[in-house]
Amino acid sequence: MTIKLVLCTTPDEKTAQLIASTLVEEKLAACVNIIKGIESVYEWQGKVETDAECQLLIKTNTQHVLQAFDRVSELHPYDVPEWLELNAEASSAYGQWLQTTLKR
């Protein structure tokens, strides 16, 4: 079963927790993993930046991915939050759990 796996970075653990718990409580994501302590190197406004961040792995489906994006955009402090949608193949049992966990 195909699900959406979304990558999104946050500036700190507090923001990561807020976004993760909001998405799960509002049933826009079935699960969000928070990976602490990553280092991101990127160009912003013509300058190379390096920042400590948290990486979110957001598990949702096609029906909820746009609502999840809108909610993250409301909660996220960045002007341009990372939002990379990947199609992922889930086991049948995990895919069923994900579908029944999300909003109908």
# chains A, B, ... in the order shown; residues from 1 in each chain; ligands from 1
>>> residues_around(residues="stretch 31-43 of chain A", least_positions_apart="2", cutoff="7 Å", atoms="only C-alpha atoms", output="ChimeraX atom specification")
/A:16,20,24,29,45-59
>>> write_last_selection(atoms="N, CA, C and O atoms", output="mmCIF file, in the first residue's frame")
data_model
loop_
_atom_site.group_PDB
_atom_site.id
_atom_site.type_symbol
_atom_site.label_atom_id
_atom_site.label_comp_id
_atom_site.auth_asym_id
_atom_site.auth_seq_id
_atom_site.Cartn_x
_atom_site.Cartn_y
_atom_site.Cartn_z
ATOM 1 N N ALA A 16 9.315 20.936 16.918
ATOM 2 C CA ALA A 16 9.091 19.578 16.407
ATOM 3 C C ALA A 16 7.967 18.892 17.178
ATOM 4 O O ALA A 16 7.077 18.276 16.582
ATOM 5 N N ALA A 20 4.431 17.767 15.537
ATOM 6 C CA ALA A 20 4.137 16.327 15.568
ATOM 7 C C ALA A 20 2.852 16.042 16.325
ATOM 8 O O ALA A 20 1.970 15.324 15.832
ATOM 9 N N VAL A 24 -0.807 14.582 14.709
ATOM 10 C CA VAL A 24 -1.370 13.305 15.161
ATOM 11 C C VAL A 24 -2.716 13.526 15.852
ATOM 12 O O VAL A 24 -3.685 12.808 15.585
ATOM 13 N N ALA A 29 -1.832 13.072 10.421
ATOM 14 C CA ALA A 29 -0.723 12.123 10.300
ATOM 15 C C ALA A 29 -0.985 11.000 11.292
ATOM 16 O O ALA A 29 -1.504 11.240 12.382
ATOM 17 N N GLN A 45 19.325 33.240 1.052
ATOM 18 C CA GLN A 45 19.543 34.635 0.694
ATOM 19 C C GLN A 45 20.999 34.898 0.313
ATOM 20 O O GLN A 45 21.629 35.854 0.766
ATOM 21 N N GLY A 46 21.533 34.000 -0.518
ATOM 22 C CA GLY A 46 22.865 34.174 -1.067
ATOM 23 C C GLY A 46 24.018 33.812 -0.151
ATOM 24 O O GLY A 46 25.174 34.030 -0.492
ATOM 25 N N LYS A 47 23.713 33.236 1.005
ATOM 26 C CA LYS A 47 24.748 32.925 1.987
ATOM 27 C C LYS A 47 24.613 31.468 2.417
ATOM 28 O O LYS A 47 23.506 30.972 2.607
ATOM 29 N N VAL A 48 25.738 30.780 2.589
ATOM 30 C CA VAL A 48 25.709 29.405 3.079
ATOM 31 C C VAL A 48 25.534 29.438 4.598
ATOM 32 O O VAL A 48 26.274 30.119 5.310
ATOM 33 N N GLU A 49 24.525 28.723 5.067
ATOM 34 C CA GLU A 49 24.181 28.670 6.492
ATOM 35 C C GLU A 49 24.358 27.252 7.014
ATOM 36 O O GLU A 49 24.215 26.288 6.258
ATOM 37 N N THR A 50 24.624 27.121 8.299
ATOM 38 C CA THR A 50 24.682 25.834 8.980
ATOM 39 C C THR A 50 23.885 25.969 10.271
ATOM 40 O O THR A 50 24.118 26.896 11.047
ATOM 41 N N ASP A 51 22.919 25.067 10.474
ATOM 42 C CA ASP A 51 22.067 25.133 11.658
ATOM 43 C C ASP A 51 21.813 23.749 12.221
ATOM 44 O O ASP A 51 21.714 22.772 11.476
ATOM 45 N N ALA A 52 21.670 23.690 13.532
ATOM 46 C CA ALA A 52 21.194 22.480 14.203
ATOM 47 C C ALA A 52 19.680 22.464 14.063
ATOM 48 O O ALA A 52 19.022 23.492 14.258
ATOM 49 N N GLU A 53 19.131 21.320 13.689
ATOM 50 C CA GLU A 53 17.692 21.197 13.494
ATOM 51 C C GLU A 53 17.215 19.830 13.969
ATOM 52 O O GLU A 53 18.017 18.968 14.328
ATOM 53 N N CYS A 54 15.905 19.662 13.939
ATOM 54 C CA CYS A 54 15.268 18.350 14.123
ATOM 55 C C CYS A 54 14.631 17.975 12.792
ATOM 56 O O CYS A 54 14.120 18.840 12.084
ATOM 57 N N GLN A 55 14.663 16.689 12.488
ATOM 58 C CA GLN A 55 14.031 16.190 11.262
ATOM 59 C C GLN A 55 12.738 15.479 11.628
ATOM 60 O O GLN A 55 12.744 14.615 12.503
ATOM 61 N N LEU A 56 11.644 15.858 10.996
ATOM 62 C CA LEU A 56 10.375 15.157 11.168
ATOM 63 C C LEU A 56 10.171 14.197 10.009
ATOM 64 O O LEU A 56 10.428 14.541 8.847
ATOM 65 N N LEU A 57 9.713 12.988 10.324
ATOM 66 C CA LEU A 57 9.269 12.013 9.334
ATOM 67 C C LEU A 57 7.772 11.860 9.555
ATOM 68 O O LEU A 57 7.329 11.258 10.531
ATOM 69 N N ILE A 58 6.992 12.461 8.688
ATOM 70 C CA ILE A 58 5.542 12.523 8.829
ATOM 71 C C ILE A 58 4.923 11.441 7.951
ATOM 72 O O ILE A 58 5.152 11.418 6.740
ATOM 73 N N LYS A 59 4.123 10.552 8.566
ATOM 74 C CA LYS A 59 3.471 9.480 7.815
ATOM 75 C C LYS A 59 1.989 9.788 7.677
ATOM 76 O O LYS A 59 1.272 9.891 8.668
#
>>> residues_around(residues="A:Leu98", least_positions_apart="5", cutoff="10 Å", atoms="only C-alpha atoms", output="MDAnalysis selection string")
chainID A and resid 3 27 29:31 59:61 90 92:93
>>> write_last_selection(atoms="N, CA, C and O atoms", output="PDB file, in the first residue's frame")
ATOM      1  N   ILE A   3       1.838   5.000   0.830  1.00  0.00           N
ATOM      2  CA  ILE A   3       1.559   6.065   1.789  1.00  0.00           C
ATOM      3  C   ILE A   3       2.444   7.259   1.436  1.00  0.00           C
ATOM      4  O   ILE A   3       3.331   7.153   0.589  1.00  0.00           O
ATOM      5  N   LYS A  27      -5.409  14.104  13.477  1.00  0.00           N
ATOM      6  CA  LYS A  27      -5.538  12.965  12.561  1.00  0.00           C
ATOM      7  C   LYS A  27      -5.168  13.307  11.121  1.00  0.00           C
ATOM      8  O   LYS A  27      -5.730  12.789  10.163  1.00  0.00           O
ATOM      9  N   ALA A  29      -1.832  13.072  10.421  1.00  0.00           N
ATOM     10  CA  ALA A  29      -0.723  12.123  10.300  1.00  0.00           C
ATOM     11  C   ALA A  29      -0.985  11.000  11.292  1.00  0.00           C
ATOM     12  O   ALA A  29      -1.504  11.240  12.382  1.00  0.00           O
ATOM     13  N   ALA A  30      -0.626   9.789  10.897  1.00  0.00           N
ATOM     14  CA  ALA A  30      -0.803   8.645  11.805  1.00  0.00           C
ATOM     15  C   ALA A  30       0.352   8.563  12.783  1.00  0.00           C
ATOM     16  O   ALA A  30       0.186   8.112  13.917  1.00  0.00           O
ATOM     17  N   CYS A  31       1.528   9.021  12.349  1.00  0.00           N
ATOM     18  CA  CYS A  31       2.730   8.943  13.168  1.00  0.00           C
ATOM     19  C   CYS A  31       3.709   9.994  12.669  1.00  0.00           C
ATOM     20  O   CYS A  31       3.780  10.254  11.466  1.00  0.00           O
ATOM     21  N   LYS A  59       4.123  10.552   8.566  1.00  0.00           N
ATOM     22  CA  LYS A  59       3.471   9.480   7.815  1.00  0.00           C
ATOM     23  C   LYS A  59       1.989   9.788   7.677  1.00  0.00           C
ATOM     24  O   LYS A  59       1.272   9.891   8.668  1.00  0.00           O
ATOM     25  N   THR A  60       1.558   9.945   6.430  1.00  0.00           N
ATOM     26  CA  THR A  60       0.169  10.290   6.143  1.00  0.00           C
ATOM     27  C   THR A  60      -0.234   9.619   4.827  1.00  0.00           C
ATOM     28  O   THR A  60       0.443   8.720   4.361  1.00  0.00           O
ATOM     29  N   ASN A  61      -1.347  10.079   4.269  1.00  0.00           N
ATOM     30  CA  ASN A  61      -1.783   9.533   2.981  1.00  0.00           C
ATOM     31  C   ASN A  61      -2.073  10.676   2.012  1.00  0.00           C
ATOM     32  O   ASN A  61      -1.996  11.852   2.383  1.00  0.00           O
ATOM     33  N   ALA A  90       4.176   0.684   2.010  1.00  0.00           N
ATOM     34  CA  ALA A  90       4.034   0.175   3.378  1.00  0.00           C
ATOM     35  C   ALA A  90       3.535  -1.258   3.337  1.00  0.00           C
ATOM     36  O   ALA A  90       2.869  -1.664   2.378  1.00  0.00           O
ATOM     37  N   SER A  92       1.065  -4.228   4.214  1.00  0.00           N
ATOM     38  CA  SER A  92      -0.390  -4.215   4.234  1.00  0.00           C
ATOM     39  C   SER A  92      -0.929  -3.855   5.613  1.00  0.00           C
ATOM     40  O   SER A  92      -1.816  -3.010   5.752  1.00  0.00           O
ATOM     41  N   ALA A  93      -0.382  -4.478   6.645  1.00  0.00           N
ATOM     42  CA  ALA A  93      -0.861  -4.233   8.012  1.00  0.00           C
ATOM     43  C   ALA A  93      -0.592  -2.787   8.446  1.00  0.00           C
ATOM     44  O   ALA A  93      -1.464  -2.131   9.021  1.00  0.00           O
TER      45      ALA A  93
END
>>> residues_around(residues="A:Tyr78", least_positions_apart="6", cutoff="12 Å", atoms="only C-alpha atoms", output="list in words")
Cys8, Thr9, Thr10, Pro11, Asp12, Thr15, Trp44, Glu53 and Val72 of chain A
>>> atom_distance(atom1="atom CA of A:His76", atom2="atom CA of A:Leu102")
21.5 Å
>>> atom_distance(atom1="atom CA of A:Asp70", atom2="atom CA of A:Asn87")
18.9 Å
>>> select_by_dssp(residues="chain A", states="helix (DSSP H, G or I)", output="ChimeraX atom specification")
/A:13-25,62-75,92-101
>>> atom_distance(atom1="atom CA of A:Glu89", atom2="atom CA of A:Leu5")
9.6 Å
